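Okay, data29.cif is below, mmCIF, C-alpha atoms and all ligand atoms:
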data_data
#
loop_
_atom_site.label_atom_id
_atom_site.label_comp_id
_atom_site.auth_asym_id
_atom_site.auth_seq_id
_atom_site.Cartn_x
_atom_site.Cartn_y
_atom_site.Cartn_z
CA MET U 254 -171.58 32.48 -132.86
CA LYS U 255 -169.66 34.64 -135.28
CA LEU U 256 -168.77 32.39 -138.19
CA ILE U 257 -166.46 32.95 -141.13
CA ILE U 258 -167.24 30.66 -144.06
CA VAL U 259 -164.28 30.20 -146.41
CA VAL U 260 -164.40 29.41 -150.14
CA GLY U 261 -161.48 29.44 -152.54
CA ALA U 262 -161.68 27.09 -155.47
CA ARG U 263 -164.40 25.83 -157.81
CA PRO U 264 -165.38 22.70 -155.87
CA ASN U 265 -165.95 24.79 -152.73
CA PHE U 266 -168.74 26.94 -154.10
CA MET U 267 -171.42 24.23 -154.43
CA LYS U 268 -170.56 23.01 -150.92
CA ALA U 269 -170.79 26.40 -149.23
CA ALA U 270 -173.99 27.51 -151.02
CA PRO U 271 -176.50 25.32 -149.12
CA ILE U 272 -174.81 26.08 -145.78
CA LEU U 273 -175.15 29.82 -146.42
CA ASP U 274 -178.83 29.29 -147.35
CA ALA U 275 -179.52 27.17 -144.27
CA ILE U 276 -177.95 29.78 -142.00
CA SER U 277 -180.04 32.55 -143.59
CA GLU U 278 -183.17 30.45 -143.06
CA HIS U 279 -182.18 29.78 -139.44
CA ASN U 280 -181.59 33.48 -138.82
CA LEU U 281 -185.10 34.36 -140.02
CA HIS U 282 -186.73 32.45 -137.15
CA ALA U 283 -184.18 31.83 -134.42
CA ALA U 284 -183.78 33.85 -131.29
CA ARG U 285 -180.01 33.34 -131.44
CA ARG U 286 -178.68 34.27 -134.86
CA ILE U 287 -175.52 32.94 -136.41
CA GLU U 288 -173.59 35.98 -137.53
CA ARG U 289 -171.71 35.03 -140.69
CA LEU U 290 -169.15 36.41 -143.11
CA LEU U 291 -168.25 34.89 -146.48
CA VAL U 292 -164.55 35.04 -147.36
CA HIS U 293 -163.30 34.13 -150.87
CA THR U 294 -159.55 33.51 -150.90
CA GLY U 295 -159.35 34.06 -154.66
CA GLN U 296 -157.48 30.77 -155.27
CA HIS U 297 -159.68 30.44 -158.34
CA TYR U 298 -160.18 33.78 -160.04
CA ASP U 299 -161.13 33.00 -163.65
CA GLU U 300 -164.66 34.12 -164.44
CA LYS U 301 -165.51 30.57 -165.53
CA LEU U 302 -164.09 28.91 -162.42
CA SER U 303 -165.53 31.35 -159.93
CA ARG U 304 -168.03 34.13 -160.71
CA LEU U 305 -170.17 31.94 -162.96
CA PHE U 306 -170.78 29.66 -159.97
CA PHE U 307 -171.82 32.52 -157.72
CA ASP U 308 -174.33 33.56 -160.40
CA ASP U 309 -175.64 30.06 -161.14
CA LEU U 310 -176.03 29.13 -157.48
CA GLY U 311 -177.27 32.53 -156.30
CA ILE U 312 -174.46 32.85 -153.76
CA GLN U 313 -174.10 36.27 -152.10
CA LYS U 314 -171.11 38.37 -153.11
CA PRO U 315 -168.21 37.51 -150.76
CA ASP U 316 -167.94 39.97 -147.86
CA ILE U 317 -164.16 39.80 -148.22
CA ASP U 318 -162.08 38.73 -151.23
CA LEU U 319 -158.42 37.99 -150.48
CA GLY U 320 -157.52 37.86 -154.19
CA VAL U 321 -154.54 35.54 -153.71
CA GLY U 322 -154.50 33.96 -157.21
CA SER U 323 -152.15 31.24 -158.43
CA GLY U 324 -148.64 30.25 -157.35
CA SER U 325 -146.72 27.23 -156.15
CA HIS U 326 -148.39 25.32 -153.30
CA ALA U 327 -146.19 27.06 -150.74
CA GLU U 328 -146.74 30.51 -152.24
CA GLN U 329 -150.50 30.08 -152.55
CA THR U 330 -150.94 28.60 -149.06
CA ALA U 331 -148.69 31.22 -147.47
CA GLU U 332 -150.45 34.09 -149.24
CA VAL U 333 -153.87 32.87 -148.06
CA MET U 334 -152.53 32.50 -144.51
CA LYS U 335 -151.06 35.99 -144.36
CA LYS U 336 -154.22 37.62 -145.63
CA PHE U 337 -156.65 35.43 -143.70
CA GLU U 338 -154.84 36.03 -140.41
CA LYS U 339 -155.49 39.73 -140.82
CA VAL U 340 -159.19 39.06 -141.46
CA CYS U 341 -159.42 36.93 -138.32
CA LEU U 342 -157.69 39.58 -136.23
CA ASP U 343 -159.96 42.32 -137.61
CA GLU U 344 -163.20 40.35 -137.36
CA SER U 345 -162.63 38.17 -134.26
CA PRO U 346 -164.83 35.24 -135.33
CA THR U 347 -165.67 32.55 -132.76
CA HIS U 348 -165.64 29.84 -135.45
CA ILE U 349 -164.51 29.35 -139.04
CA LEU U 350 -166.00 26.81 -141.44
CA VAL U 351 -163.93 25.31 -144.25
CA VAL U 352 -165.07 22.82 -146.89
CA GLY U 353 -163.29 20.17 -148.95
CA ASP U 354 -159.57 19.72 -149.42
CA VAL U 355 -158.08 22.54 -151.46
CA ASN U 356 -155.11 24.70 -150.47
CA SER U 357 -157.45 27.42 -149.16
CA THR U 358 -159.01 24.86 -146.78
CA ILE U 359 -155.81 23.98 -144.94
CA ALA U 360 -154.42 27.52 -145.09
CA CYS U 361 -157.42 29.06 -143.33
CA ALA U 362 -157.85 26.17 -140.88
CA LEU U 363 -154.24 26.52 -139.79
CA VAL U 364 -154.52 30.26 -139.24
CA ALA U 365 -157.71 29.91 -137.19
CA ALA U 366 -156.46 26.99 -135.08
CA LYS U 367 -153.37 28.97 -134.04
CA LEU U 368 -155.50 31.97 -133.10
CA GLY U 369 -157.69 29.78 -130.87
CA ILE U 370 -160.70 30.09 -133.20
CA LYS U 371 -162.80 26.92 -133.44
CA VAL U 372 -162.45 25.15 -136.79
CA ILE U 373 -165.36 23.36 -138.46
CA HIS U 374 -164.49 21.08 -141.39
CA VAL U 375 -167.22 20.03 -143.78
CA GLU U 376 -166.40 16.89 -145.82
CA ALA U 377 -163.95 15.65 -143.21
CA GLY U 378 -162.39 12.20 -142.97
CA LEU U 379 -162.15 11.23 -146.65
CA ARG U 380 -158.89 9.41 -147.35
CA SER U 381 -157.29 8.15 -150.56
CA PHE U 382 -154.24 7.01 -148.53
CA ASP U 383 -152.16 8.47 -151.34
CA ARG U 384 -149.86 11.18 -150.03
CA THR U 385 -148.72 12.11 -153.55
CA MET U 386 -152.08 13.89 -153.90
CA PRO U 387 -151.90 17.45 -152.56
CA GLU U 388 -155.53 17.13 -151.48
CA GLU U 389 -154.75 14.12 -149.26
CA ILE U 390 -152.19 16.17 -147.34
CA ASN U 391 -154.71 19.01 -147.04
CA ARG U 392 -157.38 16.59 -145.77
CA VAL U 393 -155.20 14.90 -143.14
CA LEU U 394 -153.83 18.18 -141.78
CA THR U 395 -157.15 20.03 -141.77
CA ASP U 396 -158.85 17.20 -139.88
CA ALA U 397 -156.02 17.04 -137.35
CA ILE U 398 -156.62 20.67 -136.31
CA SER U 399 -160.41 20.82 -136.67
CA ASP U 400 -162.71 20.96 -133.64
CA TYR U 401 -165.89 19.76 -135.36
CA LEU U 402 -165.82 17.32 -138.24
CA PHE U 403 -168.82 16.92 -140.52
CA ILE U 404 -168.74 13.78 -142.64
CA THR U 405 -170.45 12.65 -145.84
CA GLU U 406 -170.04 8.89 -145.55
CA ARG U 407 -169.38 6.27 -142.87
CA SER U 408 -165.88 5.43 -144.13
CA ALA U 409 -164.83 8.91 -143.00
CA GLU U 410 -165.76 8.15 -139.41
CA GLU U 411 -163.61 5.01 -139.39
CA ASN U 412 -160.68 6.96 -140.84
CA LEU U 413 -160.97 9.75 -138.28
CA ILE U 414 -161.31 7.39 -135.33
CA LYS U 415 -158.19 5.51 -136.48
CA GLU U 416 -156.38 8.86 -136.48
CA GLY U 417 -157.42 9.47 -132.89
CA VAL U 418 -160.31 11.89 -133.35
CA ASP U 419 -162.82 11.75 -130.52
CA LYS U 420 -166.14 10.31 -131.75
CA GLY U 421 -168.05 13.13 -130.05
CA ARG U 422 -166.60 15.66 -132.49
CA ILE U 423 -167.67 13.71 -135.61
CA PHE U 424 -171.11 14.42 -137.11
CA PHE U 425 -172.51 12.29 -139.94
CA VAL U 426 -174.69 14.83 -141.73
CA GLY U 427 -174.63 13.74 -145.39
CA ASN U 428 -173.37 15.55 -148.44
CA VAL U 429 -173.85 19.29 -148.95
CA MET U 430 -172.79 19.06 -152.60
CA ILE U 431 -175.76 16.78 -153.15
CA ASP U 432 -178.02 19.37 -151.46
CA THR U 433 -176.98 21.74 -154.23
CA LEU U 434 -177.48 19.14 -156.96
CA ILE U 435 -180.98 18.29 -155.76
CA LYS U 436 -181.93 21.96 -155.43
CA HIS U 437 -180.74 22.91 -158.93
CA ARG U 438 -181.52 19.78 -160.92
CA GLN U 439 -184.84 21.02 -162.36
CA LYS U 440 -183.38 24.38 -163.28
CA ALA U 441 -180.36 22.76 -164.93
CA MET U 442 -182.65 20.80 -167.24
CA ARG U 443 -183.65 24.13 -168.80
CA SER U 444 -180.02 24.79 -169.83
CA THR U 445 -179.64 24.94 -173.62
CA ILE U 446 -176.09 23.54 -173.55
CA LEU U 447 -176.92 20.37 -175.50
CA ASP U 448 -178.28 22.45 -178.40
CA VAL U 449 -175.39 24.88 -178.18
CA LEU U 450 -172.91 22.00 -178.52
CA GLY U 451 -175.01 20.12 -181.09
CA LEU U 452 -175.24 17.08 -178.78
CA SER U 453 -178.16 14.71 -178.62
CA THR U 454 -179.29 12.02 -176.23
CA THR U 455 -180.43 9.74 -179.02
CA GLU U 456 -178.04 7.02 -180.24
CA PRO U 457 -175.07 7.21 -179.90
CA GLY U 458 -175.55 9.92 -177.22
CA TYR U 459 -172.40 11.50 -175.86
CA GLY U 460 -169.75 11.10 -173.19
CA LEU U 461 -168.46 13.80 -170.85
CA LEU U 462 -164.83 14.12 -169.77
CA THR U 463 -163.00 16.09 -167.07
CA LEU U 464 -159.30 15.79 -166.32
CA HIS U 465 -157.16 18.01 -164.12
CA ARG U 466 -155.30 16.01 -161.43
CA PRO U 467 -151.60 16.88 -161.45
CA SER U 468 -150.70 13.15 -161.67
CA ASN U 469 -152.74 12.81 -164.87
CA VAL U 470 -152.01 16.05 -166.66
CA ASP U 471 -148.64 17.39 -165.51
CA ASP U 472 -146.67 14.55 -167.12
CA LYS U 473 -146.65 14.33 -170.93
CA ASP U 474 -146.60 10.51 -171.14
CA ALA U 475 -149.37 10.13 -168.54
CA LEU U 476 -151.58 12.63 -170.36
CA ALA U 477 -150.85 11.15 -173.81
CA ASN U 478 -151.68 7.68 -172.48
CA LEU U 479 -155.08 8.84 -171.21
CA LEU U 480 -155.79 10.66 -174.46
CA GLY U 481 -155.09 7.39 -176.28
CA ALA U 482 -157.81 5.66 -174.24
CA LEU U 483 -160.23 8.53 -174.75
CA GLU U 484 -159.64 8.62 -178.51
CA ALA U 485 -160.46 4.91 -178.69
CA ILE U 486 -163.70 5.39 -176.71
CA SER U 487 -164.64 8.39 -178.83
CA SER U 488 -164.79 6.18 -181.92
CA ARG U 489 -168.12 5.00 -180.43
CA LEU U 490 -169.63 8.37 -179.47
CA PRO U 491 -168.66 12.04 -179.22
CA ILE U 492 -166.87 12.96 -176.02
CA VAL U 493 -167.04 16.55 -174.89
CA PHE U 494 -164.25 17.86 -172.68
CA PRO U 495 -164.62 21.15 -170.75
CA VAL U 496 -160.93 21.87 -170.12
CA HIS U 497 -159.59 23.15 -166.80
CA PRO U 498 -156.99 25.94 -167.23
CA ARG U 499 -154.24 23.74 -165.72
CA THR U 500 -154.94 21.04 -168.32
CA ARG U 501 -155.29 23.55 -171.18
CA LYS U 502 -151.83 24.89 -170.33
CA ARG U 503 -150.31 21.40 -170.31
CA ILE U 504 -151.94 20.37 -173.60
CA GLU U 505 -150.38 23.43 -175.24
CA GLU U 506 -147.01 22.97 -173.53
CA PHE U 507 -146.80 19.27 -174.55
CA GLY U 508 -147.97 19.97 -178.13
CA LEU U 509 -150.95 17.62 -177.72
CA GLY U 510 -153.54 19.97 -179.22
CA ASP U 511 -153.75 17.99 -182.45
CA ARG U 512 -155.17 14.99 -180.55
CA PHE U 513 -158.55 16.71 -180.42
CA ALA U 514 -161.21 16.96 -183.09
CA THR U 515 -162.46 20.33 -184.29
CA PRO U 516 -166.03 20.72 -183.06
CA PRO U 517 -168.25 20.00 -186.06
CA ALA U 518 -170.81 22.63 -187.02
CA ASP U 519 -173.58 20.07 -186.87
CA LYS U 520 -174.30 17.11 -184.60
CA PRO U 521 -171.02 15.28 -183.95
CA LYS U 522 -171.25 11.50 -184.21
CA ARG U 523 -167.89 10.73 -182.68
CA GLY U 524 -164.57 12.30 -181.68
CA LEU U 525 -163.01 13.96 -178.66
CA TYR U 526 -163.34 17.70 -178.53
CA THR U 527 -162.60 20.46 -176.08
CA ILE U 528 -164.72 23.35 -174.87
CA ASP U 529 -164.18 26.06 -172.24
CA PRO U 530 -165.01 25.26 -168.58
CA LEU U 531 -168.77 25.40 -167.97
CA GLY U 532 -170.89 26.92 -165.22
CA TYR U 533 -172.74 24.75 -162.71
CA LEU U 534 -176.11 24.51 -164.46
CA ASP U 535 -174.75 23.75 -167.94
CA PHE U 536 -172.39 21.14 -166.52
CA LEU U 537 -175.14 19.51 -164.46
CA ARG U 538 -177.37 19.23 -167.55
CA LEU U 539 -174.52 17.69 -169.58
CA MET U 540 -173.68 15.28 -166.78
CA SER U 541 -177.33 14.27 -166.20
CA GLU U 542 -177.85 13.12 -169.77
CA ALA U 543 -174.43 11.72 -170.62
CA ARG U 544 -174.19 8.00 -171.44
CA VAL U 545 -170.91 7.87 -169.60
CA VAL U 546 -168.79 10.31 -167.60
CA LEU U 547 -165.00 9.93 -167.54
CA THR U 548 -163.20 11.85 -164.84
CA ASP U 549 -160.44 12.20 -162.26
CA SER U 550 -162.47 14.58 -160.09
CA GLY U 551 -163.65 13.69 -156.59
CA GLY U 552 -166.95 15.56 -156.63
CA ILE U 553 -168.07 14.21 -159.99
CA GLN U 554 -167.86 10.65 -158.64
CA GLU U 555 -170.46 11.73 -156.06
CA GLU U 556 -172.70 13.66 -158.44
CA THR U 557 -172.88 10.83 -161.00
CA THR U 558 -173.75 8.44 -158.16
CA VAL U 559 -176.87 10.45 -157.38
CA LEU U 560 -177.72 11.02 -161.06
CA GLY U 561 -177.34 7.29 -161.81
CA VAL U 562 -174.95 8.00 -164.68
CA PRO U 563 -172.03 5.56 -165.16
CA CYS U 564 -168.76 7.13 -164.03
CA ILE U 565 -165.34 5.86 -165.06
CA THR U 566 -162.73 7.23 -162.67
CA MET U 567 -159.26 7.47 -164.16
CA ARG U 568 -157.37 7.17 -160.88
CA GLU U 569 -155.82 4.34 -158.89
CA ASN U 570 -157.75 5.17 -155.72
CA THR U 571 -160.78 7.03 -154.44
CA GLU U 572 -161.32 8.76 -151.11
CA ARG U 573 -165.07 8.31 -151.70
CA PRO U 574 -165.66 4.52 -151.51
CA VAL U 575 -169.42 4.95 -151.04
CA THR U 576 -169.61 5.94 -154.74
CA ILE U 577 -168.54 2.38 -155.55
CA THR U 578 -170.59 0.47 -152.95
CA HIS U 579 -173.71 2.62 -153.38
CA GLY U 580 -173.11 4.35 -156.69
CA THR U 581 -172.20 4.17 -160.35
CA ASN U 582 -168.47 4.71 -159.92
CA CYS U 583 -166.00 2.32 -161.55
CA LEU U 584 -162.42 2.84 -160.46
CA ALA U 585 -160.66 2.03 -163.74
CA GLY U 586 -157.16 3.17 -162.85
CA THR U 587 -154.93 4.79 -165.44
CA ASP U 588 -154.13 1.81 -167.65
CA LYS U 589 -155.26 2.56 -171.20
CA ASP U 590 -156.86 -0.82 -171.89
CA ALA U 591 -158.60 -0.92 -168.52
CA ILE U 592 -160.17 2.49 -169.14
CA ILE U 593 -161.35 1.49 -172.63
CA ARG U 594 -162.78 -1.78 -171.28
CA ALA U 595 -164.60 -0.06 -168.41
CA ALA U 596 -166.09 2.60 -170.69
CA LEU U 597 -167.25 0.10 -173.31
CA GLU U 598 -168.84 -2.06 -170.62
CA ALA U 599 -170.67 0.99 -169.28
CA LEU U 600 -171.86 1.87 -172.80
CA ASP U 601 -173.06 -1.69 -173.28
CA GLY U 602 -175.03 -1.43 -170.04
CA LYS U 603 -172.90 -3.89 -168.07
CA ASN U 604 -172.56 -3.43 -164.29
CA ASN U 605 -175.17 -0.67 -164.37
CA ALA U 606 -177.71 -2.29 -162.03
CA PRO U 607 -179.24 0.31 -159.66
CA LYS U 608 -177.86 0.41 -156.12
CA PRO U 609 -179.28 1.99 -152.95
CA ALA U 610 -178.45 5.71 -152.59
CA PRO U 611 -175.73 6.59 -150.08
CA PRO U 612 -177.28 7.24 -146.65
CA LYS U 613 -178.18 10.88 -145.93
CA TRP U 614 -177.48 12.13 -149.46
CA ASP U 615 -180.99 13.50 -149.44
CA GLY U 616 -180.73 17.28 -149.84
CA ASN U 617 -180.81 18.02 -146.10
CA ALA U 618 -177.14 17.92 -145.10
CA ALA U 619 -176.85 21.69 -144.63
CA LEU U 620 -179.91 21.72 -142.37
CA ARG U 621 -178.27 19.05 -140.22
CA ILE U 622 -175.08 21.10 -140.09
CA VAL U 623 -176.94 24.18 -138.90
CA GLU U 624 -178.74 22.09 -136.24
CA VAL U 625 -175.36 21.01 -134.91
CA LEU U 626 -173.99 24.56 -135.06
CA THR U 627 -176.99 25.76 -133.07
CA SER U 628 -176.46 23.08 -130.44
CA LEU U 629 -172.81 24.14 -130.15
CA THR U 630 -173.77 27.75 -129.40
CA ASN U 631 -176.50 26.67 -126.98
CA ASN U 632 -174.04 24.53 -125.06
CA ARG U 633 -171.33 27.12 -124.89
C1 LIG E 701 -157.58 23.01 -157.26
C2 LIG E 701 -157.56 22.04 -156.09
C3 LIG E 701 -158.16 20.70 -156.52
C4 LIG E 701 -159.52 20.88 -157.15
C5 LIG E 701 -159.40 21.87 -158.29
C6 LIG E 701 -160.71 22.10 -158.98
C7 LIG E 701 -155.66 22.35 -154.55
C8 LIG E 701 -154.38 21.75 -154.10
N1 LIG E 701 -156.20 21.77 -155.63
O1 LIG E 701 -156.70 22.48 -158.26
O2 LIG E 701 -158.30 19.88 -155.38
O3 LIG E 701 -160.00 19.64 -157.61
O4 LIG E 701 -158.90 23.10 -157.75
O5 LIG E 701 -160.59 22.94 -160.04
O6 LIG E 701 -156.13 23.27 -153.96
N2 LIG E 701 -155.68 28.63 -162.93
C9 LIG E 701 -156.21 29.57 -163.75
N3 LIG E 701 -157.30 30.25 -163.32
C10 LIG E 701 -157.85 30.04 -162.11
C11 LIG E 701 -157.29 29.09 -161.26
C12 LIG E 701 -156.20 28.38 -161.68
O7 LIG E 701 -155.74 29.79 -164.86
O8 LIG E 701 -158.86 30.70 -161.78
C13 LIG E 701 -154.50 27.85 -163.39
C14 LIG E 701 -153.22 28.49 -162.94
O9 LIG E 701 -152.29 28.33 -163.94
C15 LIG E 701 -152.83 27.66 -161.74
C16 LIG E 701 -153.37 26.29 -162.13
O10 LIG E 701 -154.56 26.56 -162.88
O11 LIG E 701 -151.47 27.66 -161.50
C17 LIG E 701 -153.70 25.42 -160.96
O12 LIG E 701 -154.59 26.10 -160.07
P1 LIG E 701 -154.62 25.72 -158.51
O13 LIG E 701 -155.64 26.50 -157.81
O14 LIG E 701 -153.23 25.74 -157.98
O15 LIG E 701 -155.04 24.19 -158.53
P2 LIG E 701 -156.12 23.40 -159.39
O16 LIG E 701 -155.42 22.50 -160.33
O17 LIG E 701 -157.18 24.29 -159.94
#
Starting from the coordinates I provided, produce the structure as structure tokens.
Ligand code: UD1
Amino acid sequence: MKLIIVVGARPNFMKAAPILDAISEHNLHAARRIERLLVHTGQHYDEKLSRLFFDDLGIQKPDIDLGVGSGSHAEQTAEVMKKFEKVCLDESPTHILVVGDVNSTIACALVAAKLGIKVIHVEAGLRSFDRTMPEEINRVLTDAISDYLFITERSAEENLIKEGVDKGRIFFVGNVMIDTLIKHRQKAMRSTILDVLGLSTTEPGYGLLTLHRPSNVDDKDALANLLGALEAISSRLPIVFPVHPRTRKRIEEFGLGDRFATPPADKPKRGLYTIDPLGYLDFLRLMSEARVVLTDSGGIQEETTVLGVPCITMRENTERPVTITHGTNCLAGTDKDAIIRAALEALDGKNNAPKPAPPKWDGNAALRIVEVLTSLTNNR
């Protein structure tokens, strides 16, 4: 097997890392090695959205960096496709492996499928059933042209079967992002980020916020409405907000900068304040000890589930229902009062009873993936 592993945007890095490690481990002992190349499309290029993660997670330098950068969806996807096609023609891989649902995922899958290269999709089958989300379109299309589909939760299997995917191509392996969380949890607890930010876990503690979905941040009224809810919650405890570049741009464009508090020099007791995006270890420490996490991210719903930290999701839907049935996720929607109510209930310890962990979120998903990959090459 000659395998190209593709990464492009921040949420890809923690998913690819354990797969790269598991392949290296396999290659140490196995008679039949998996030859692998790491390709970074360059969709995310900011130091804080990309290189910091390679450093924190000890990921090898990419073998090839396509350096595509930002653009409209069509421009970005097309640019990745043009450059990735050349890589495939030069390198002649037998398989490519893509993770998640970002533009780089569909762009590379499409190129490979048309060249007759087998496509492996990790984190397949998740569905929000909301086609206004660019990620939903990326998920549906990537799965439709993938040969092997690795899933994180049972709901994904039902979705794929309904879409006509043959059961024999679906592999329930667990969640590679949780492999990374489990591996780095101890190390993250040595991060000094709480001291740096003057935050404390003693009463009132702190909340952690992330917000970057186009539907929440690209419209001034939608963003202002959410900020209203967050301001109200931050009268109870400080809320720290590492701001994604997309959101930072919108806050400036909409003149909403004055809605945030200036970070106090000493321990903040309340207020909503922004900081730059954080690396993996600092963010994991902050998330682990937060009293509540407020987010519109997909991955953070999963990470808080494993950490047992209450998560208020400011979206109308989730493609990760296991975080509700087996986790701490509360789908609050985007109504201001509903968000405030959900956050205050979480702070008051309501609905926080422990639930069983999602099946196979045990740190061994990447090992299971490599076992399947090995069986594919053996059966070829
Ligand atoms: C992308 C993913 C989203 C994921 C998110 C995590 C798609 C469709 N979306 O969204 O699923 O949750 O990454 O962060 O692939 N920018 C920078 N520096 C960078 C990257 C982006 O300043 O390194 C700015 C640019 O102005 C760019 C904007 O952010 O236009 C959006 O970036 P883009 O990669 O298009 O999408 P994200 O919102 O980051």
Show me which residues sit within 9 Å of ligand LIG 701 (chain E) when counting all atoms listed in the file, and put them as a VMD selection string. chain U and resid 261 to 265 295 to 303 322 to 326 329 to 330 353 to 358 386 to 388 391 465 to 467 497 to 502 549 to 552
If you keep C-alpha atoms, can you produce a file of those selected residues as a CSV table (one decimal), keeping the file's coordinate frame?
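For reference, again14.csv as written:
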chain,number,residue,atom,x,y,z
U,261,GLY,CA,-161.5,29.4,-152.5
U,262,ALA,CA,-161.7,27.1,-155.5
U,263,ARG,CA,-164.4,25.8,-157.8
U,264,PRO,CA,-165.4,22.7,-155.9
U,265,ASN,CA,-166.0,24.8,-152.7
U,295,GLY,CA,-159.4,34.1,-154.7
U,296,GLN,CA,-157.5,30.8,-155.3
U,297,HIS,CA,-159.7,30.4,-158.3
U,298,TYR,CA,-160.2,33.8,-160.0
U,299,ASP,CA,-161.1,33.0,-163.6
U,300,GLU,CA,-164.7,34.1,-164.4
U,301,LYS,CA,-165.5,30.6,-165.5
U,302,LEU,CA,-164.1,28.9,-162.4
U,303,SER,CA,-165.5,31.4,-159.9
U,322,GLY,CA,-154.5,34.0,-157.2
U,323,SER,CA,-152.2,31.2,-158.4
U,324,GLY,CA,-148.6,30.2,-157.4
U,325,SER,CA,-146.7,27.2,-156.2
U,326,HIS,CA,-148.4,25.3,-153.3
U,329,GLN,CA,-150.5,30.1,-152.6
U,330,THR,CA,-150.9,28.6,-149.1
U,353,GLY,CA,-163.3,20.2,-149.0
U,354,ASP,CA,-159.6,19.7,-149.4
U,355,VAL,CA,-158.1,22.5,-151.5
U,356,ASN,CA,-155.1,24.7,-150.5
U,357,SER,CA,-157.4,27.4,-149.2
U,358,THR,CA,-159.0,24.9,-146.8
U,386,MET,CA,-152.1,13.9,-153.9
U,387,PRO,CA,-151.9,17.4,-152.6
U,388,GLU,CA,-155.5,17.1,-151.5
U,391,ASN,CA,-154.7,19.0,-147.0
U,465,HIS,CA,-157.2,18.0,-164.1
U,466,ARG,CA,-155.3,16.0,-161.4
U,467,PRO,CA,-151.6,16.9,-161.4
U,497,HIS,CA,-159.6,23.2,-166.8
U,498,PRO,CA,-157.0,25.9,-167.2
U,499,ARG,CA,-154.2,23.7,-165.7
U,500,THR,CA,-154.9,21.0,-168.3
U,501,ARG,CA,-155.3,23.6,-171.2
U,502,LYS,CA,-151.8,24.9,-170.3
U,549,ASP,CA,-160.4,12.2,-162.3
U,550,SER,CA,-162.5,14.6,-160.1
U,551,GLY,CA,-163.6,13.7,-156.6
U,552,GLY,CA,-167.0,15.6,-156.6
Name the residues in contact with Ser381 of chain U at a cut-off of 6 Å, using all atoms listed in the file, excluding same-chain residues fewer than 2 positions from it; report them as a count of residues only. 4
Contacts of segment 404-413 of chain U at 8 Å (all atoms listed in the file; same-chain gap of 3+ positions) as a PyMOL selection string: chain U and resi 375-380+396+416-418+420+423-428+573-575+611-614
Å distance separating atom CA of Met540 of chain U from atom CA of Glu456 of chain U, one decimal place: 16.4 Å
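By chain and then residue number, the residues within 10 Å of Phe266 of chain U are Val259, Val260, Gly261, Pro271, His293, Leu302, Ser303, Arg304, Phe306, Phe307, Leu310, Ile312, Val352, Met430, Thr433 and Tyr533 of chain U, counting only C-alpha atoms and disregarding those fewer than 5 positions away in sequence.
With all atoms listed in the file as the atoms that count, the minimum distance from Ile373 of chain U to the choices U:Leu534, U:Val333, U:Ile287, U:Leu402 is reached by U:Leu402.
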Which neighbours of Lys440 of chain U fall inside 10 Å, counting only C-alpha atoms, when residues of the same chain fewer than 5 positions from it are skipped, and could you give them as a PyMOL selection string? chain U and resi 309+435+534-535+537-538
Restricting the calculation to only C-alpha atoms: of U:Glu484, U:Lys339, U:Leu434, U:Val372, which residue gets closest to Ala270 of chain U? U:Leu434
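Taking atom CA of Gln313 of chain U as the reference point, atom CA of Glu338 of chain U is found at 22.5 Å.
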If I take atom CA of Leu368 of chain U and atom CA of Leu290 of chain U, how far is one from the other in Å, to one decimal?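 Separation between atom CA of Leu368 of chain U and atom CA of Leu290 of chain U: 17.5 Å.
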12 Å contact set for Leu600 of chain U, all atoms listed in the file, chain neighbours under 5 positions out, as a PyMOL selection string: chain U and resi 456-460+486-487+489-490+543-547+562-565+593-595+605
Considering only C-alpha atoms, state which residue in the set U:Gly532, U:Gly616, U:Gly602, U:Gly369 is at the smallest distance from Ile349 of chain U. U:Gly369
Specify the axis-aligned box that encloses all atoms of segment 613-626 of chain U listed in the file after padding of 8 Å on each side, stating its centre and edge lengths in Å to one decimal as AutoDock Vina command-line options.
--center_x -177.5 --center_y 17.7 --center_z -142.4 --size_x 23.0 --size_y 29.7 --size_z 30.9
When distances are computed from only C-alpha atoms, which of U:Leu560, U:Val364, U:Leu480, U:Leu350 shows the smallest separation from Ala331 of chain U?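 Among the listed residues, the smallest separation from Ala331 of chain U belongs to U:Val364.
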Choose the residue, out of U:Lys255, U:His348, U:Arg568, U:Ile359, that has the smallest atom-to-atom separation from Ala327 of chain U; count all atoms listed in the file.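 Of all the options, U:Ile359 lies closest to Ala327 of chain U.
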